[in-house]
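The next block is work14.pdb, given as PDB, C-alpha atoms.
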ATOM      1  CA  ILE A1413       1.278  41.163 -26.961
ATOM      2  CA  ASN A1414      -2.265  40.082 -27.740
ATOM      3  CA  ALA A1415      -4.395  37.651 -25.754
ATOM      4  CA  GLU A1416      -4.382  35.019 -28.511
ATOM      5  CA  TYR A1417      -0.562  34.925 -28.519
ATOM      6  CA  MET A1418      -0.415  34.671 -24.732
ATOM      7  CA  GLY A1419      -2.951  31.850 -24.816
ATOM      8  CA  THR A1420      -0.838  29.933 -27.330
ATOM      9  CA  VAL A1421       2.276  30.373 -25.189
ATOM     10  CA  LEU A1422       0.446  29.220 -22.074
ATOM     11  CA  ILE A1423      -0.890  26.109 -23.803
ATOM     12  CA  GLY A1424       2.613  25.322 -25.041
ATOM     13  CA  LEU A1425       4.067  25.665 -21.561
ATOM     14  CA  LEU A1426       1.371  23.432 -20.081
ATOM     15  CA  ARG A1427       1.983  20.770 -22.733
ATOM     16  CA  HIS A1428       5.728  20.953 -22.072
ATOM     17  CA  PHE A1429       5.175  20.610 -18.319
ATOM     18  CA  PHE A1430       2.776  17.674 -18.815
ATOM     19  CA  ASN A1431       5.213  15.883 -21.123
ATOM     20  CA  MET A1432       8.072  16.386 -18.660
ATOM     21  CA  SER A1433       5.904  15.111 -15.800
ATOM     22  CA  ALA A1434       4.763  12.088 -17.812
ATOM     23  CA  ASP A1435       8.332  11.278 -18.831
ATOM     24  CA  PHE A1436       9.493  11.524 -15.216
ATOM     25  CA  SER A1437       6.655   9.279 -13.989
ATOM     26  CA  ASN A1438       7.547   6.630 -16.559
ATOM     27  CA  GLN A1439      11.241   6.833 -15.701
ATOM     28  CA  VAL A1440      10.458   6.423 -12.010
ATOM     29  CA  LEU A1441       8.078   3.513 -12.719
ATOM     30  CA  ASN A1442      10.700   1.710 -14.796
ATOM     31  CA  LEU A1443      13.298   2.064 -12.039
ATOM     32  CA  ALA A1444      10.840   0.969  -9.351
ATOM     33  CA  LEU A1445       9.904  -2.086 -11.443
ATOM     34  CA  LYS A1446      13.534  -3.024 -11.992
ATOM     35  CA  LEU A1447      14.388  -2.776  -8.292
ATOM     36  CA  ALA A1448      11.214  -4.566  -7.153
ATOM     37  CA  ARG A1449      12.010  -7.468  -9.474
ATOM     38  CA  GLU A1450      15.609  -7.636  -8.244
ATOM     39  CA  ALA A1451      14.380  -7.690  -4.646
ATOM     40  CA  GLY A1452      11.869 -10.339  -5.687
ATOM     41  CA  GLU A1453      14.694 -12.580  -6.842
ATOM     42  CA  LEU A1454      16.222 -12.371  -3.365
ATOM     43  CA  ILE A1455      12.849 -13.328  -1.846
ATOM     44  CA  LYS A1456      12.449 -16.291  -4.216
ATOM     45  CA  ALA A1457      15.964 -17.513  -3.428
ATOM     46  CA  LYS A1458      15.180 -17.628   0.310
ATOM     47  CA  TYR A1459      11.496 -18.534   0.120
ATOM     48  CA  ASN A1460      11.744 -22.229   0.938
ATOM     49  CA  GLU A1461      14.762 -21.962   3.242
ATOM     50  CA  PRO A1462      14.787 -21.559   7.044
ATOM     51  CA  LYS A1463      14.831 -17.841   7.916
ATOM     52  CA  LYS A1464      16.854 -15.989  10.522
ATOM     53  CA  LEU A1465      14.509 -13.529  12.173
ATOM     54  CA  THR A1466      14.181 -11.055  15.015
ATOM     55  CA  THR A1467      11.114  -9.402  16.540
ATOM     56  CA  LYS A1468      10.185  -5.711  16.649
ATOM     57  CA  SER A1469       7.077  -4.406  18.437
ATOM     58  CA  SER A1470       5.864  -7.878  19.510
ATOM     59  CA  GLN A1471       6.419 -11.603  18.924
ATOM     60  CA  ALA A1472       4.028 -11.326  15.994
ATOM     61  CA  ASP A1473       6.015  -8.459  14.421
ATOM     62  CA  VAL A1474       9.007 -10.146  12.809
ATOM     63  CA  VAL A1475      11.800  -9.128  10.449
ATOM     64  CA  THR A1476      14.246 -11.317   8.530
ATOM     65  CA  GLU A1477      17.699 -10.775   7.083
ATOM     66  CA  THR A1478      16.065 -10.813   3.648
ATOM     67  CA  ASP A1479      13.887  -7.789   4.562
ATOM     68  CA  ALA A1480      17.035  -5.772   5.291
ATOM     69  CA  GLU A1481      18.861  -7.117   2.233
ATOM     70  CA  CYS A1482      15.978  -6.200  -0.096
ATOM     71  CA  GLU A1483      15.691  -2.725   1.398
ATOM     72  CA  ARG A1484      19.419  -2.044   0.973
ATOM     73  CA  LEU A1485      19.183  -3.131  -2.666
ATOM     74  CA  ILE A1486      16.273  -0.766  -3.378
ATOM     75  CA  LEU A1487      17.708   2.221  -1.493
ATOM     76  CA  SER A1488      21.079   1.846  -3.212
ATOM     77  CA  GLY A1489      19.482   1.506  -6.637
ATOM     78  CA  VAL A1490      17.390   4.662  -6.203
ATOM     79  CA  HIS A1491      20.273   6.665  -4.732
ATOM     80  CA  GLN A1492      22.492   5.892  -7.716
ATOM     81  CA  VAL A1493      19.951   7.416 -10.102
ATOM     82  CA  TYR A1494      18.283  10.056  -7.895
ATOM     83  CA  PRO A1495      20.719  11.069  -5.119
ATOM     84  CA  ASP A1496      18.514  14.002  -4.062
ATOM     85  CA  HIS A1497      15.377  11.917  -3.433
ATOM     86  CA  GLN A1498      14.310  10.987   0.102
ATOM     87  CA  PHE A1499      13.101   7.688   1.565
ATOM     88  CA  LEU A1500      10.457   6.377   3.923
ATOM     89  CA  ALA A1501      11.410   2.724   4.270
ATOM     90  CA  GLU A1502      10.278   0.179   6.834
ATOM     91  CA  GLU A1503      13.515  -1.327   8.078
ATOM     92  CA  SER A1504      15.578   1.891   8.152
ATOM     93  CA  HIS A1505      12.838   4.100   9.615
ATOM     94  CA  LYS A1506      13.674   4.657  13.283
ATOM     95  CA  SER A1507      10.894   6.888  14.659
ATOM     96  CA  GLU A1508       7.738   4.749  14.852
ATOM     97  CA  GLY A1509       4.573   6.747  14.266
ATOM     98  CA  ASN A1510       6.532   9.859  13.212
ATOM     99  CA  TYR A1511       6.883  10.386   9.468
ATOM    100  CA  ASP A1512       8.728  13.653   8.977
ATOM    101  CA  VAL A1513       9.241  13.981   5.232
ATOM    102  CA  ASP A1514       9.611  17.090   3.097
ATOM    103  CA  PRO A1515       6.539  17.161   0.789
ATOM    104  CA  LYS A1516       8.511  19.266  -1.716
ATOM    105  CA  LYS A1517      10.923  16.399  -2.325
ATOM    106  CA  VAL A1518      10.311  13.177  -4.207
ATOM    107  CA  THR A1519       9.862  10.444  -1.597
ATOM    108  CA  TRP A1520      10.233   6.703  -2.162
ATOM    109  CA  VAL A1521       7.988   4.783   0.248
ATOM    110  CA  ILE A1522       9.328   1.241   0.511
ATOM    111  CA  ASP A1523       8.285  -2.005   2.134
ATOM    112  CA  PRO A1524      10.935  -4.550   1.127
ATOM    113  CA  ILE A1525       8.717  -7.477   2.169
ATOM    114  CA  ASP A1526       5.068  -6.906   2.969
ATOM    115  CA  GLY A1527       3.731 -10.090   4.525
ATOM    116  CA  THR A1528       6.948 -11.021   6.333
ATOM    117  CA  ASN A1529       5.138 -13.597   8.487
ATOM    118  CA  ASN A1530       3.933 -15.270   5.294
ATOM    119  CA  PHE A1531       7.483 -15.232   3.949
ATOM    120  CA  VAL A1532       8.792 -16.773   7.181
ATOM    121  CA  HIS A1533       6.316 -19.656   6.852
ATOM    122  CA  SER A1534       6.700 -19.968   3.038
ATOM    123  CA  LEU A1535       3.176 -18.766   2.315
ATOM    124  CA  PRO A1536       2.908 -17.086  -1.097
ATOM    125  CA  TYR A1537       1.015 -13.904  -0.150
ATOM    126  CA  THR A1538       4.098 -11.689   0.152
ATOM    127  CA  CYS A1539       5.333  -8.794  -1.939
ATOM    128  CA  VAL A1540       7.700  -5.870  -2.499
ATOM    129  CA  CYS A1541       6.015  -2.436  -2.289
ATOM    130  CA  ILE A1542       7.388   0.773  -3.796
ATOM    131  CA  GLY A1543       5.313   3.951  -3.854
ATOM    132  CA  VAL A1544       6.776   7.217  -5.098
ATOM    133  CA  MET A1545       5.328  10.495  -3.863
ATOM    134  CA  TRP A1546       5.742  14.111  -4.792
ATOM    135  CA  ASP A1547       3.643  17.152  -3.907
ATOM    136  CA  GLY A1548       2.314  15.080  -0.992
ATOM    137  CA  THR A1549       0.635  12.460  -3.211
ATOM    138  CA  THR A1550       1.603   8.963  -4.336
ATOM    139  CA  ARG A1551       2.001   9.173  -8.103
ATOM    140  CA  VAL A1552       3.786   5.959  -9.035
ATOM    141  CA  ALA A1553       3.244   2.483  -7.585
ATOM    142  CA  VAL A1554       4.693  -1.009  -7.861
ATOM    143  CA  VAL A1555       3.535  -4.019  -5.838
ATOM    144  CA  HIS A1556       5.450  -7.137  -6.894
ATOM    145  CA  ASN A1557       4.684 -10.665  -5.684
ATOM    146  CA  PRO A1558       7.575 -12.810  -6.955
ATOM    147  CA  ILE A1559       6.066 -16.079  -5.700
ATOM    148  CA  LEU A1560       2.741 -15.752  -7.528
ATOM    149  CA  ASN A1561       4.348 -13.805 -10.410
ATOM    150  CA  GLU A1562       1.882 -10.929  -9.960
ATOM    151  CA  THR A1563       3.143  -7.385 -10.495
ATOM    152  CA  PHE A1564       0.727  -4.502  -9.954
ATOM    153  CA  THR A1565       1.644  -1.073 -11.320
ATOM    154  CA  ALA A1566       0.010   2.342 -11.482
ATOM    155  CA  ILE A1567       0.717   5.917 -12.496
ATOM    156  CA  LYS A1568      -1.705   8.491 -11.132
ATOM    157  CA  GLY A1569      -4.341   9.306 -13.731
ATOM    158  CA  GLN A1570      -3.319   6.451 -16.067
ATOM    159  CA  GLY A1571      -5.021   3.387 -14.585
ATOM    160  CA  SER A1572      -3.488   0.349 -12.917
ATOM    161  CA  TYR A1573      -2.301  -2.912 -14.436
ATOM    162  CA  LEU A1574      -1.395  -6.503 -13.623
ATOM    163  CA  ASN A1575       1.839  -7.699 -15.233
ATOM    164  CA  GLY A1576       1.909  -4.672 -17.519
ATOM    165  CA  ASN A1577      -0.969  -5.560 -19.820
ATOM    166  CA  GLN A1578      -4.114  -6.507 -17.854
ATOM    167  CA  LYS A1579      -6.012  -3.358 -16.929
ATOM    168  CA  LEU A1580      -7.414  -3.671 -13.446
ATOM    169  CA  CYS A1581     -11.038  -3.060 -12.493
ATOM    170  CA  VAL A1582     -12.803  -3.603  -9.184
ATOM    171  CA  SER A1583     -15.777  -5.963  -8.808
ATOM    172  CA  PRO A1584     -19.345  -4.619  -9.166
ATOM    173  CA  ILE A1585     -20.568  -6.163  -5.873
ATOM    174  CA  GLN A1586     -22.901  -3.786  -3.999
ATOM    175  CA  SER A1587     -23.955  -5.720  -0.885
ATOM    176  CA  LEU A1588     -22.205  -7.466   1.997
ATOM    177  CA  ASP A1589     -24.065 -10.738   1.478
ATOM    178  CA  ALA A1590     -22.094 -11.161  -1.759
ATOM    179  CA  ALA A1591     -18.804  -9.725  -0.454
ATOM    180  CA  VAL A1592     -15.417 -11.229   0.420
ATOM    181  CA  VAL A1593     -13.881  -8.962   3.080
ATOM    182  CA  CYS A1594     -10.348  -9.133   4.448
ATOM    183  CA  THR A1595      -8.869  -7.970   7.721
ATOM    184  CA  GLU A1596      -5.699  -8.772   9.681
ATOM    185  CA  ALA A1597      -5.031  -9.591  13.321
ATOM    186  CA  GLY A1598      -2.146  -7.097  13.373
ATOM    187  CA  TYR A1599       0.461  -7.001  16.141
ATOM    188  CA  ASP A1600      -1.558  -5.557  19.033
ATOM    189  CA  ARG A1601      -2.285  -8.325  21.546
ATOM    190  CA  SER A1602      -3.791  -6.055  24.204
ATOM    191  CA  ALA A1603      -7.454  -6.611  25.175
ATOM    192  CA  GLU A1604      -8.301  -3.303  23.507
ATOM    193  CA  GLY A1605      -6.468  -4.226  20.301
ATOM    194  CA  ILE A1606      -8.105  -7.640  20.105
ATOM    195  CA  ASP A1607     -11.553  -6.121  20.654
ATOM    196  CA  LEU A1608     -11.038  -3.613  17.835
ATOM    197  CA  VAL A1609     -10.568  -6.502  15.406
ATOM    198  CA  VAL A1610     -13.006  -9.084  16.787
ATOM    199  CA  SER A1611     -15.889  -6.634  17.269
ATOM    200  CA  LYS A1612     -15.780  -5.690  13.595
ATOM    201  CA  ILE A1613     -15.703  -9.290  12.472
ATOM    202  CA  ARG A1614     -18.695  -9.959  14.726
ATOM    203  CA  VAL A1615     -20.779  -7.060  13.389
ATOM    204  CA  LEU A1616     -20.045  -8.110   9.795
ATOM    205  CA  MET A1617     -21.068 -11.693  10.517
ATOM    206  CA  GLU A1618     -24.234 -10.485  12.247
ATOM    207  CA  ASN A1619     -25.054  -8.619   9.031
ATOM    208  CA  ASN A1620     -24.711 -11.677   6.786
ATOM    209  CA  ILE A1621     -21.260 -11.077   5.300
ATOM    210  CA  GLN A1622     -20.595 -13.807   2.728
ATOM    211  CA  SER A1623     -16.938 -14.404   3.603
ATOM    212  CA  ILE A1624     -14.106 -13.067   5.787
ATOM    213  CA  ARG A1625     -10.412 -13.728   5.160
ATOM    214  CA  MET A1626      -7.030 -12.980   6.768
ATOM    215  CA  CYS A1627      -4.408 -13.307   4.042
ATOM    216  CA  GLY A1628      -1.390 -11.777   5.785
ATOM    217  CA  SER A1629      -0.353  -8.938   3.454
ATOM    218  CA  CYS A1630      -1.861  -5.466   3.550
ATOM    219  CA  ALA A1631      -0.696  -4.556   0.048
ATOM    220  CA  MET A1632      -1.822  -7.832  -1.515
ATOM    221  CA  ASN A1633      -5.228  -7.441   0.138
ATOM    222  CA  ILE A1634      -5.641  -3.985  -1.395
ATOM    223  CA  CYS A1635      -4.429  -5.123  -4.807
ATOM    224  CA  GLY A1636      -6.828  -8.059  -4.521
ATOM    225  CA  ILE A1637      -9.679  -5.546  -4.395
ATOM    226  CA  ALA A1638      -8.213  -3.726  -7.405
ATOM    227  CA  MET A1639      -8.351  -6.901  -9.513
ATOM    228  CA  GLY A1640     -11.812  -7.946  -8.303
ATOM    229  CA  ARG A1641     -10.535 -10.870  -6.214
ATOM    230  CA  LEU A1642     -11.708  -9.271  -2.949
ATOM    231  CA  THR A1643     -14.433  -6.764  -2.114
ATOM    232  CA  ALA A1644     -13.071  -4.830   0.869
ATOM    233  CA  TYR A1645     -10.354  -4.752   3.510
ATOM    234  CA  PHE A1646     -10.124  -3.011   6.888
ATOM    235  CA  GLU A1647      -7.420  -2.827   9.525
ATOM    236  CA  GLY A1648      -5.751  -0.693  12.149
ATOM    237  CA  LYS A1649      -5.905   1.170  15.432
ATOM    238  CA  ASN A1650      -3.557   4.168  15.148
ATOM    239  CA  SER A1651      -0.204   5.181  13.680
ATOM    240  CA  MET A1652       1.616   2.951  16.177
ATOM    241  CA  ARG A1653      -0.634  -0.099  15.801
ATOM    242  CA  GLY A1654      -1.871  -0.329  12.257
ATOM    243  CA  PRO A1655      -0.764  -0.344   8.617
ATOM    244  CA  LYS A1656       2.179   1.936   7.941
ATOM    245  CA  PRO A1657       2.809   4.297   4.994
ATOM    246  CA  TRP A1658       4.991   1.694   3.284
ATOM    247  CA  ASP A1659       2.118  -0.819   3.484
ATOM    248  CA  LEU A1660      -0.366   1.626   1.975
ATOM    249  CA  SER A1661       1.296   4.089  -0.404
ATOM    250  CA  ALA A1662       1.735   1.923  -3.504
ATOM    251  CA  ALA A1663      -1.249  -0.390  -3.063
ATOM    252  CA  SER A1664      -3.745   2.407  -2.391
ATOM    253  CA  LEU A1665      -2.821   4.073  -5.703
ATOM    254  CA  VAL A1666      -3.252   0.734  -7.512
ATOM    255  CA  LEU A1667      -6.752   0.459  -6.032
ATOM    256  CA  LEU A1668      -7.780   4.052  -6.710
ATOM    257  CA  GLU A1669      -6.652   3.778 -10.327
ATOM    258  CA  ALA A1670      -8.753   0.591 -10.654
ATOM    259  CA  GLY A1671     -11.881   2.494  -9.569
ATOM    260  CA  GLY A1672     -11.853   1.591  -5.875
ATOM    261  CA  VAL A1673     -12.082   3.799  -2.787
ATOM    262  CA  VAL A1674     -10.036   4.233   0.387
ATOM    263  CA  TYR A1675     -11.192   5.640   3.734
ATOM    264  CA  ASP A1676     -10.246   5.617   7.364
ATOM    265  CA  TRP A1677     -12.600   2.966   8.803
ATOM    266  CA  THR A1678     -13.867   5.571  11.303
ATOM    267  CA  GLY A1679     -15.286   7.473   8.320
ATOM    268  CA  GLU A1680     -12.597  10.147   8.363
ATOM    269  CA  GLU A1681     -10.498  11.048   5.336
ATOM    270  CA  PHE A1682      -7.906   8.415   4.431
ATOM    271  CA  SER A1683      -4.255   9.090   5.239
ATOM    272  CA  ILE A1684      -1.349   6.705   4.760
ATOM    273  CA  TYR A1685      -0.063   7.980   8.132
ATOM    274  CA  SER A1686      -3.113   7.314  10.359
ATOM    275  CA  GLY A1687      -2.688   3.553  10.785
ATOM    276  CA  ARG A1688      -6.340   2.902   9.854
ATOM    277  CA  LEU A1689      -7.806   1.814   6.555
ATOM    278  CA  LEU A1690     -11.000   0.749   4.882
ATOM    279  CA  ALA A1691     -10.398  -0.103   1.232
ATOM    280  CA  ALA A1692     -13.321  -1.170  -0.932
ATOM    281  CA  ASN A1693     -14.491  -1.698  -4.477
ATOM    282  CA  ASN A1694     -17.045   1.119  -4.238
ATOM    283  CA  ASP A1695     -18.716   3.653  -1.949
ATOM    284  CA  ALA A1696     -21.790   1.481  -1.394
ATOM    285  CA  ILE A1697     -19.733  -1.240   0.312
ATOM    286  CA  ALA A1698     -17.473   1.242   2.098
ATOM    287  CA  LYS A1699     -20.303   3.327   3.556
ATOM    288  CA  THR A1700     -22.220   0.236   4.684
ATOM    289  CA  MET A1701     -19.148  -0.980   6.546
ATOM    290  CA  ILE A1702     -18.374   2.431   8.064
ATOM    291  CA  ASP A1703     -21.929   2.650   9.399
ATOM    292  CA  LEU A1704     -21.631  -0.821  10.925
ATOM    293  CA  PHE A1705     -18.244  -0.043  12.440
ATOM    294  CA  LYS A1706     -19.725   2.961  14.261
ATOM    295  CA  LYS A1707     -21.434   0.363  16.487
ATOM    296  CA  THR A1708     -18.056  -1.121  17.506
ATOM    297  CA  PRO A1709     -15.280   0.167  19.809
ATOM    298  CA  GLN A1710     -13.479   3.175  18.372
ATOM    299  CA  PRO A1711      -9.722   3.884  18.441
ATOM    300  CA  PRO A1712      -8.552   5.827  21.514
ATOM    301  CA  LYS A1713      -8.187   9.573  21.050
ATOM    302  CA  CYS A1714      -4.521  10.509  20.952
TER     303      CYS A1714
END

Structure re-expressed in structure tokens:
Amino acid sequence: INAEYMGTVLIGLLRHFFNMSADFSNQVLNLALKLAREAGELIKAKYNEPKKLTTKSSQADVVTETDAECERLILSGVHQVYPDHQFLAEESHKSEGNYDVDPKKVTWVIDPIDGTNNFVHSLPYTCVCIGVMWDGTTRVAVVHNPILNETFTAIKGQGSYLNGNQKLCVSPIQSLDAAVVCTEAGYDRSAEGIDLVVSKIRVLMENNIQSIRMCGSCAMNICGIAMGRLTAYFEGKNSMRGPKPWDLSAASLVLLEAGGVVYDWTGEEFSIYSGRLLAANNDAIAKTMIDLFKKTPQPPKC
């Protein structure tokens, strides 16, 4: 067997593997889109009605019957097609801060309603998030806002899109004095938790930030950067008090595929499991903010 023949065989195998992978990604995306839209119909049906809710980690951390209903719909829909896939889903996940998933298996990372407080008060910044991971990386993403009719999608390496046809691209802003930055108050009402948020807002204002917003949805904030609506977004303390994998998995891929960047706001490497995030349109903004945040209180060492 000569080298030329072996090279031809290898190229053929690689093409076959790539085509299979691409087909699988598209199949997964289509299913995720279908289920996100079905869940979105449930959200729209209840949007302007009084909600029955309970609290979780604090009075600010609420869940409604619609959250659970949407999650059941998505889990059931995936299980019918892919019974061997695993799930990391907000309402059914029982071990807070512990995310024990098998990286060899395909994992669906699901937030049935991101921005539940907005949903409770009939504010439109709320969405369904579905990220699909394999080999330890999010490879397919859907973030669907049924109230604003905005659906963000991405496949790793293929760009990200709004409503299927508008290719997303981050803004070119390079300095804080032209930037719109988002954060969230989160659920931690301890003095330490409040200081982590307020100190960062203060240092940004002291450095002439143009605008600061709290919009109430982690995923919509990140997708807002992807479409050039926002410049950056930071949040979080640790895995117990900060954005969770289901808040971050899908939206972070949408942003990365639009040319944005994601970090831990401490400057460490980003992880969907850390509970800390700095998402930005580019490294210039991100690094400026990280340097400023080094002057503020840091998360406690676990």

Dump as CSV the rows for residues of range 1434-1534 of chain A within 9 Å of range 1629-1632 of chain A: closest atom pair and distance in Å with one decimal, only C-alpha atoms counted, ordered by chain and rising residue number.
residue,atom,partner,partner_atom,distance
A:Asp1526,CA,A:Ser1629,CA,5.8
A:Gly1527,CA,A:Ser1629,CA,4.4
A:Thr1528,CA,A:Ser1629,CA,8.1
A:Asn1529,CA,A:Ser1629,CA,8.8
A:Asn1530,CA,A:Ser1629,CA,7.9

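The nearest approach to Thr1467 in chain A among the residues A:Gln1622, A:Leu1642, A:Glu1503, A:Ala1451, with all atoms listed in the file taken into account, belongs to A:Glu1503.
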
Identify the residues around (12.5, -14.4, -1.5) within a radius of 10 Å, measuring from only C-alpha atoms in the coordinates stated by the file, and give them as a JSON list (two decimals) with C-alpha atoms, in the frame of the given file.
[["chain", "number", "residue", "atom", "x", "y", "z"],
["A", 1451, "ALA", "CA", 14.38, -7.69, -4.65],
["A", 1452, "GLY", "CA", 11.87, -10.34, -5.69],
["A", 1453, "GLU", "CA", 14.69, -12.58, -6.84],
["A", 1454, "LEU", "CA", 16.22, -12.37, -3.36],
["A", 1455, "ILE", "CA", 12.85, -13.33, -1.85],
["A", 1456, "LYS", "CA", 12.45, -16.29, -4.22],
["A", 1457, "ALA", "CA", 15.96, -17.51, -3.43],
["A", 1458, "LYS", "CA", 15.18, -17.63, 0.31],
["A", 1459, "TYR", "CA", 11.50, -18.53, 0.12],
["A", 1460, "ASN", "CA", 11.74, -22.23, 0.94],
["A", 1461, "GLU", "CA", 14.76, -21.96, 3.24],
["A", 1478, "THR", "CA", 16.07, -10.81, 3.65],
["A", 1479, "ASP", "CA", 13.89, -7.79, 4.56],
["A", 1482, "CYS", "CA", 15.98, -6.20, -0.10],
["A", 1525, "ILE", "CA", 8.72, -7.48, 2.17],
["A", 1531, "PHE", "CA", 7.48, -15.23, 3.95],
["A", 1532, "VAL", "CA", 8.79, -16.77, 7.18],
["A", 1534, "SER", "CA", 6.70, -19.97, 3.04],
["A", 1536, "PRO", "CA", 2.91, -17.09, -1.10],
["A", 1538, "THR", "CA", 4.10, -11.69, 0.15],
["A", 1539, "CYS", "CA", 5.33, -8.79, -1.94],
["A", 1540, "VAL", "CA", 7.70, -5.87, -2.50],
["A", 1557, "ASN", "CA", 4.68, -10.66, -5.68],
["A", 1558, "PRO", "CA", 7.58, -12.81, -6.96],
["A", 1559, "ILE", "CA", 6.07, -16.08, -5.70]]

Measure the distance from CA of Thr1563 in chain A to CA of Ala1696 in chain A in Å and round it to one decimal.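 Separation of CA of Thr1563 in chain A and CA of Ala1696 in chain A: 28.0 Å.
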
Selection result of the PyMOL selection byres ((chain A and resi 1567) around 6) on this file, as a list in words: Arg1551, Val1552, Ala1566, Lys1568 and Gln1570 of chain A

Between CA of Ser1504 in chain A and CA of Lys1464 in chain A lies a distance of 18.1 Å

Give one line per residue of range 1536-1626 of chain A that approaches range 1656-1677 of chain A to at most 10 Å, naming the two atoms of the closest pair and their distance in Å to one decimal, counting only C-alpha atoms; sort by chain then ascending residue number and deliver it as JSON lines.
{"residue": "A:Val1540", "atom": "CA", "partner": "A:Asp1659", "partner_atom": "CA", "distance": 9.6}
{"residue": "A:Cys1541", "atom": "CA", "partner": "A:Ala1662", "partner_atom": "CA", "distance": 6.2}
{"residue": "A:Ile1542", "atom": "CA", "partner": "A:Ala1662", "partner_atom": "CA", "distance": 5.8}
{"residue": "A:Gly1543", "atom": "CA", "partner": "A:Ala1662", "partner_atom": "CA", "distance": 4.1}
{"residue": "A:Val1544", "atom": "CA", "partner": "A:Ala1662", "partner_atom": "CA", "distance": 7.5}
{"residue": "A:Met1545", "atom": "CA", "partner": "A:Ser1661", "partner_atom": "CA", "distance": 8.3}
{"residue": "A:Thr1549", "atom": "CA", "partner": "A:Ser1661", "partner_atom": "CA", "distance": 8.9}
{"residue": "A:Thr1550", "atom": "CA", "partner": "A:Ser1661", "partner_atom": "CA", "distance": 6.3}
{"residue": "A:Arg1551", "atom": "CA", "partner": "A:Leu1665", "partner_atom": "CA", "distance": 7.4}
{"residue": "A:Val1552", "atom": "CA", "partner": "A:Ala1662", "partner_atom": "CA", "distance": 7.1}
{"residue": "A:Ala1553", "atom": "CA", "partner": "A:Ala1662", "partner_atom": "CA", "distance": 4.4}
{"residue": "A:Val1554", "atom": "CA", "partner": "A:Ala1662", "partner_atom": "CA", "distance": 6.0}
{"residue": "A:Val1555", "atom": "CA", "partner": "A:Ala1663", "partner_atom": "CA", "distance": 6.6}
{"residue": "A:Phe1564", "atom": "CA", "partner": "A:Val1666", "partner_atom": "CA", "distance": 7.0}
{"residue": "A:Thr1565", "atom": "CA", "partner": "A:Val1666", "partner_atom": "CA", "distance": 6.5}
{"residue": "A:Ala1566", "atom": "CA", "partner": "A:Val1666", "partner_atom": "CA", "distance": 5.4}
{"residue": "A:Ile1567", "atom": "CA", "partner": "A:Leu1665", "partner_atom": "CA", "distance": 7.9}
{"residue": "A:Lys1568", "atom": "CA", "partner": "A:Glu1669", "partner_atom": "CA", "distance": 6.9}
{"residue": "A:Gly1569", "atom": "CA", "partner": "A:Glu1669", "partner_atom": "CA", "distance": 6.9}
{"residue": "A:Gln1570", "atom": "CA", "partner": "A:Glu1669", "partner_atom": "CA", "distance": 7.2}
{"residue": "A:Gly1571", "atom": "CA", "partner": "A:Glu1669", "partner_atom": "CA", "distance": 4.6}
{"residue": "A:Ser1572", "atom": "CA", "partner": "A:Glu1669", "partner_atom": "CA", "distance": 5.3}
{"residue": "A:Tyr1573", "atom": "CA", "partner": "A:Val1666", "partner_atom": "CA", "distance": 7.9}
{"residue": "A:Leu1574", "atom": "CA", "partner": "A:Val1666", "partner_atom": "CA", "distance": 9.7}
{"residue": "A:Lys1579", "atom": "CA", "partner": "A:Ala1670", "partner_atom": "CA", "distance": 7.9}
{"residue": "A:Leu1580", "atom": "CA", "partner": "A:Ala1670", "partner_atom": "CA", "distance": 5.3}
{"residue": "A:Cys1581", "atom": "CA", "partner": "A:Ala1670", "partner_atom": "CA", "distance": 4.7}
{"residue": "A:Val1582", "atom": "CA", "partner": "A:Ala1670", "partner_atom": "CA", "distance": 6.0}
{"residue": "A:Ser1583", "atom": "CA", "partner": "A:Gly1672", "partner_atom": "CA", "distance": 9.0}

Between CA of Phe1682 in chain A and CA of Ile1637 in chain A, what is the distance in Å, rounded to a tenth? 16.6 Å

Determine the residue set returned by the PyMOL selection byres ((chain A and resi 1708) around 8) for the present structure, and present it as a list of chain:residue names.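 Taken over the shown coordinates, the PyMOL selection byres ((chain A and resi 1708) around 8) returns A:Leu1608, A:Ser1611, A:Lys1612, A:Val1615, A:Leu1704, A:Phe1705, A:Lys1706, A:Lys1707, A:Pro1709, A:Gln1710.
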
With all atoms listed in the file as the counted atoms, please give the residues lying no more than 10 Å from range 1595-1606 of chain A, apart from itself and same-chain residues fewer than 5 positions off, as a short mmCIF file (atom, residue, chain, number, x, y, z; two decimals) with C-alpha atoms, in the coordinates of the input.
data_model
loop_
_atom_site.label_atom_id
_atom_site.label_comp_id
_atom_site.auth_asym_id
_atom_site.auth_seq_id
_atom_site.Cartn_x
_atom_site.Cartn_y
_atom_site.Cartn_z
CA LYS A 1468 10.18 -5.71 16.65
CA SER A 1469 7.08 -4.41 18.44
CA SER A 1470 5.86 -7.88 19.51
CA GLN A 1471 6.42 -11.60 18.92
CA ALA A 1472 4.03 -11.33 15.99
CA ASP A 1473 6.02 -8.46 14.42
CA VAL A 1474 9.01 -10.15 12.81
CA SER A 1611 -15.89 -6.63 17.27
CA LYS A 1612 -15.78 -5.69 13.60
CA ILE A 1613 -15.70 -9.29 12.47
CA ILE A 1624 -14.11 -13.07 5.79
CA ARG A 1625 -10.41 -13.73 5.16
CA MET A 1626 -7.03 -12.98 6.77
CA CYS A 1627 -4.41 -13.31 4.04
CA GLY A 1628 -1.39 -11.78 5.78
CA SER A 1629 -0.35 -8.94 3.45
CA CYS A 1630 -1.86 -5.47 3.55
CA ASN A 1633 -5.23 -7.44 0.14
CA ALA A 1644 -13.07 -4.83 0.87
CA TYR A 1645 -10.35 -4.75 3.51
CA PHE A 1646 -10.12 -3.01 6.89
CA GLU A 1647 -7.42 -2.83 9.52
CA GLY A 1648 -5.75 -0.69 12.15
CA LYS A 1649 -5.90 1.17 15.43
CA MET A 1652 1.62 2.95 16.18
CA ARG A 1653 -0.63 -0.10 15.80
CA GLY A 1654 -1.87 -0.33 12.26
CA PRO A 1655 -0.76 -0.34 8.62
CA LEU A 1689 -7.81 1.81 6.56
CA LEU A 1690 -11.00 0.75 4.88
CA PRO A 1709 -15.28 0.17 19.81
CA GLN A 1710 -13.48 3.18 18.37
CA PRO A 1711 -9.72 3.88 18.44
CA PRO A 1712 -8.55 5.83 21.51
#
